[in-house]
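Structure first, then comments.
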Amino acid sequence: LTAPAPSGRASTIPVFGDTNAGKTRFLYASLNSLMNDAERDGVVVTFPDQAIGEEVRRGREVIRAGQNTPKTSPGAGRVAITLRLRQGQQSDLIHMFDAAGEDYSEAQKYETLRFLDDGQGLAYVLDPFSIQAIREQLGDQRGDVLLAAENDPDLAYGEVISRLRDGGVPVSAQRLAVVVSRSEERR
């Protein structure tokens with residue numbers, strides 16, 4: 001999740017995908033992993049303000065307890081988490097963004113996605129059960145697949161690519177991580 005950046009620089013990592021794809025869960029699970037690794041290796045992690053640190057603490061607790069992460073509310077802006085790895089001139093500032101999935105499919109919310117323009121990498125969260133062919137393949141074994149992301153996964157991806165192109169960002173130069181959010185049905 002942490003895009004490489006020269007020491008003392010900032011990295012911006014937008015997390016995007018459709019509604020209910022698992023973006024917020026991925027964000028907090030990634031933060032939990034990053035924080036565990038940092039603690040194990042003695043790397044200092046700080047937050048610019050106490051509220052962000054508290055939000056990360058709560059998110060980590062939810063992940064460790066195996067609970068569901070809260071849905072990001074559309075129109076409420078985006079979840080923005082900033083942290084600093086290490087201290088002094090060797091420190092790296094990391095910004096992670098998670099907007100509601102609805103913001104990627106509604107043209108009037110296009111302006112809320114400006115953070116995409118400055119990303120050093122993108123994390124696309126894909127719920128495989130949102131793909132029609134996979135749902136058809138499951139047939140009667142669908143279980144709770146209805147909890148899958150709500151739209152065709154190409155919609156959010158296409159909107160982000162359009163946003164980047166419209167913002168003058170060379171899409172071919174972007175690093176893209178595709179995160180498959182589930183490998184089995186929720187029960």
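Numbering starts fresh at 1 for the residues of each chain in the structure tokens, the chains themselves are lettered A, B, ... in the order given, and ligands are numbered from 1 as they appear.
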
Each residue of region 41-97 of chain A lying at most 7 Å from region 24-31 of chain A should get a row with its shortest atom-to-atom pair and the distance in Å to one decimal, counting only C-alpha atoms; could you produce that, ordered by chain and increasing number, as CSV?
```
residue,atom,partner,partner_atom,distance
A:Gly59,CA,A:Tyr28,CA,5.6
A:Arg60,CA,A:Tyr28,CA,6.1
A:Ile63,CA,A:Ala29,CA,6.1
A:Thr69,CA,A:Arg25,CA,5.7
```

Atoms to include: all heavy atoms. Write the selected residues as a CSV table (one decimal), in the first residue's frame.
```
chain,number,residue,atom,x,y,z
A,59,GLY,N,-10.0,1.6,13.8
A,59,GLY,CA,-10.0,0.8,12.6
A,59,GLY,C,-9.2,-0.5,12.8
A,59,GLY,O,-9.7,-1.6,12.4
A,60,ARG,N,-8.1,-0.4,13.5
A,60,ARG,CA,-7.3,-1.6,13.7
A,60,ARG,C,-8.0,-2.6,14.7
A,60,ARG,O,-8.0,-3.8,14.5
A,60,ARG,CB,-5.9,-1.3,14.3
A,60,ARG,CG,-5.0,-0.6,13.3
A,60,ARG,CD,-3.7,-0.2,14.0
A,60,ARG,NE,-2.9,-1.4,14.2
A,60,ARG,CZ,-1.8,-1.4,14.9
A,60,ARG,NH1,-1.4,-0.4,15.6
A,60,ARG,NH2,-1.1,-2.6,15.0
A,63,ILE,N,-10.6,-4.5,12.7
A,63,ILE,CA,-10.0,-5.6,11.9
A,63,ILE,C,-9.5,-6.7,12.7
A,63,ILE,O,-9.8,-7.9,12.4
A,63,ILE,CB,-8.7,-5.0,11.1
A,63,ILE,CG1,-9.2,-3.9,10.1
A,63,ILE,CG2,-7.9,-6.1,10.5
A,63,ILE,CD1,-10.1,-4.5,9.0
A,69,THR,N,-16.2,-3.3,8.9
A,69,THR,CA,-15.9,-1.9,9.0
A,69,THR,C,-17.1,-1.1,8.6
A,69,THR,O,-17.9,-1.5,7.8
A,69,THR,CB,-14.7,-1.6,8.0
A,69,THR,OG1,-15.0,-2.1,6.7
A,69,THR,CG2,-13.4,-2.2,8.5
```

Test item: residues at most 7 Å from Arg84 (chain A), only C-alpha atoms, excluding those fewer than 6 positions along its chain, as a short mmCIF file (atom, residue, chain, number, x, y, z; two decimals) with C-alpha atoms, in the first residue's frame:
```cif
data_model
loop_
_atom_site.label_atom_id
_atom_site.label_comp_id
_atom_site.auth_asym_id
_atom_site.auth_seq_id
_atom_site.Cartn_x
_atom_site.Cartn_y
_atom_site.Cartn_z
CA VAL A 45 4.89 5.86 13.23
CA THR A 46 3.23 9.15 14.13
CA PHE A 47 0.05 10.93 13.09
CA SER A 91 10.81 10.29 7.34
CA ASP A 92 8.12 9.54 4.80
CA LEU A 93 4.67 11.09 4.90
CA ILE A 94 1.92 8.80 3.60
#
```

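From CA of Leu34 (chain A) back to CA of Glu61 (chain A), the distance works out to 14.1 Å.
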
Notebook entry, point to check: Can you list, as a ChimeraX atom specification, every residue of region 24-135 of chain A that DSSP puts in strand (DSSP E)?
Noted result: /A:45-46,78-85,92-99,122-126

Atoms kept (C-alpha atoms) for selection, written as a PDB file, in the first residue's frame:
```
ATOM      1  CA  VAL A  45       4.886   5.858  13.233  1.00  0.00           C
ATOM      2  CA  THR A  46       3.226   9.149  14.132  1.00  0.00           C
ATOM      3  CA  ARG A  78     -13.618  10.899   2.054  1.00  0.00           C
ATOM      4  CA  VAL A  79     -11.642   9.070   4.684  1.00  0.00           C
ATOM      5  CA  ALA A  80      -8.188  10.638   4.680  1.00  0.00           C
ATOM      6  CA  ILE A  81      -5.467   9.120   6.805  1.00  0.00           C
ATOM      7  CA  THR A  82      -2.040  10.662   7.063  1.00  0.00           C
ATOM      8  CA  LEU A  83       0.874   9.103   8.870  1.00  0.00           C
ATOM      9  CA  ARG A  84       4.604   9.617   9.128  1.00  0.00           C
ATOM     10  CA  LEU A  85       7.041   6.711   9.037  1.00  0.00           C
ATOM     11  CA  ASP A  92       8.115   9.544   4.801  1.00  0.00           C
ATOM     12  CA  LEU A  93       4.667  11.094   4.899  1.00  0.00           C
ATOM     13  CA  ILE A  94       1.920   8.804   3.599  1.00  0.00           C
ATOM     14  CA  HIS A  95      -1.603   9.936   2.703  1.00  0.00           C
ATOM     15  CA  MET A  96      -4.283   7.293   2.105  1.00  0.00           C
ATOM     16  CA  PHE A  97      -7.704   8.198   0.744  1.00  0.00           C
ATOM     17  CA  ASP A  98     -10.950   6.248   0.619  1.00  0.00           C
ATOM     18  CA  ALA A  99     -14.076   7.836  -0.871  1.00  0.00           C
ATOM     19  CA  LEU A 122      -3.669   3.477  -7.017  1.00  0.00           C
ATOM     20  CA  ALA A 123      -5.247   0.569  -5.147  1.00  0.00           C
ATOM     21  CA  TYR A 124      -8.314  -0.750  -6.998  1.00  0.00           C
ATOM     22  CA  VAL A 125     -10.456  -2.930  -4.723  1.00  0.00           C
ATOM     23  CA  LEU A 126     -12.424  -5.461  -6.729  1.00  0.00           C
TER      24      LEU A 126
END
```

Notebook entry, point to check: Near Val43 (chain A), counting only C-alpha atoms, which residues have an atom at most 10 Å away, once you skip same-chain residues fewer than 5 positions from it, shown as a PyMOL selection string?
Noted result: chain A and resi 35-38+85-87

N, CA, C and O atoms of the current selection, written as a compact mmCIF listing (two decimals), in the first residue's frame:
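Writing the result to result-v3.txt gives the following:
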```txt
# COMPACT_ATOMS: atom_id res chain seq x y z
N MET A 35 1.28 -1.11 10.56
CA MET A 35 1.58 -0.75 11.95
C MET A 35 2.21 -1.93 12.69
O MET A 35 3.14 -1.75 13.47
N ASN A 36 1.73 -3.15 12.45
CA ASN A 36 2.33 -4.33 13.07
C ASN A 36 3.79 -4.48 12.65
O ASN A 36 4.67 -4.74 13.48
N ASP A 37 4.05 -4.33 11.35
CA ASP A 37 5.42 -4.43 10.85
C ASP A 37 6.31 -3.33 11.44
O ASP A 37 7.44 -3.59 11.82
N ALA A 38 5.78 -2.12 11.49
CA ALA A 38 6.56 -1.00 12.04
C ALA A 38 6.89 -1.25 13.51
O ALA A 38 8.03 -1.03 13.95
N LEU A 85 6.15 7.82 8.69
CA LEU A 85 7.04 6.71 9.04
C LEU A 85 8.42 7.29 9.32
O LEU A 85 8.95 8.06 8.51
N ARG A 86 9.00 6.92 10.41
CA ARG A 86 10.31 7.39 10.86
C ARG A 86 10.24 8.86 11.25
O ARG A 86 9.18 9.48 11.17
N GLN A 87 11.36 9.39 11.70
CA GLN A 87 11.41 10.78 12.11
C GLN A 87 12.57 11.47 11.41
O GLN A 87 13.47 10.83 10.88
```

Note to self: Which residues are near Asp127 (chain A)? Cut-off 8 Å, only C-alpha atoms, ignore same chain within fewer than 3 positions. Put them as a VMD selection string.
What the structure shows: chain A and resid 21 to 22 130 to 131 148 to 149 153 180 to 182

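In terms of minimum interatomic distance to Gly17 (chain A), A:Gly101 ranks closest within A:Gly119, A:Gly88, A:Gly66, A:Gly101, counting only C-alpha atoms.
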
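The space separating CA of Lys23 (chain A) from CA of Asp118 (chain A) comes to 18.8 Å.
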
Checklist line | In region 40-70 of chain A, DSSP alpha helix (DSSP H) residues written as a ChimeraX atom specification | finding: /A:40-41,50-64

Margin query: My list of candidates is A:Leu116, A:Asn32, A:Asp41, A:Phe16. Which is closest to Arg58 (chain A) when distances are computed with only C-alpha atoms?
Written below: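 Answer, going by the shortest atom-to-atom distance: A:Asn32.
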
Notebook entry, point to check: Using only C-alpha atoms, which residues sit within 7 Å of Arg175 (chain A) once same-chain residues fewer than 2 positions away are excluded, as an NGL selection string?
Noted result: :A and (120-122 or 173 or 177)
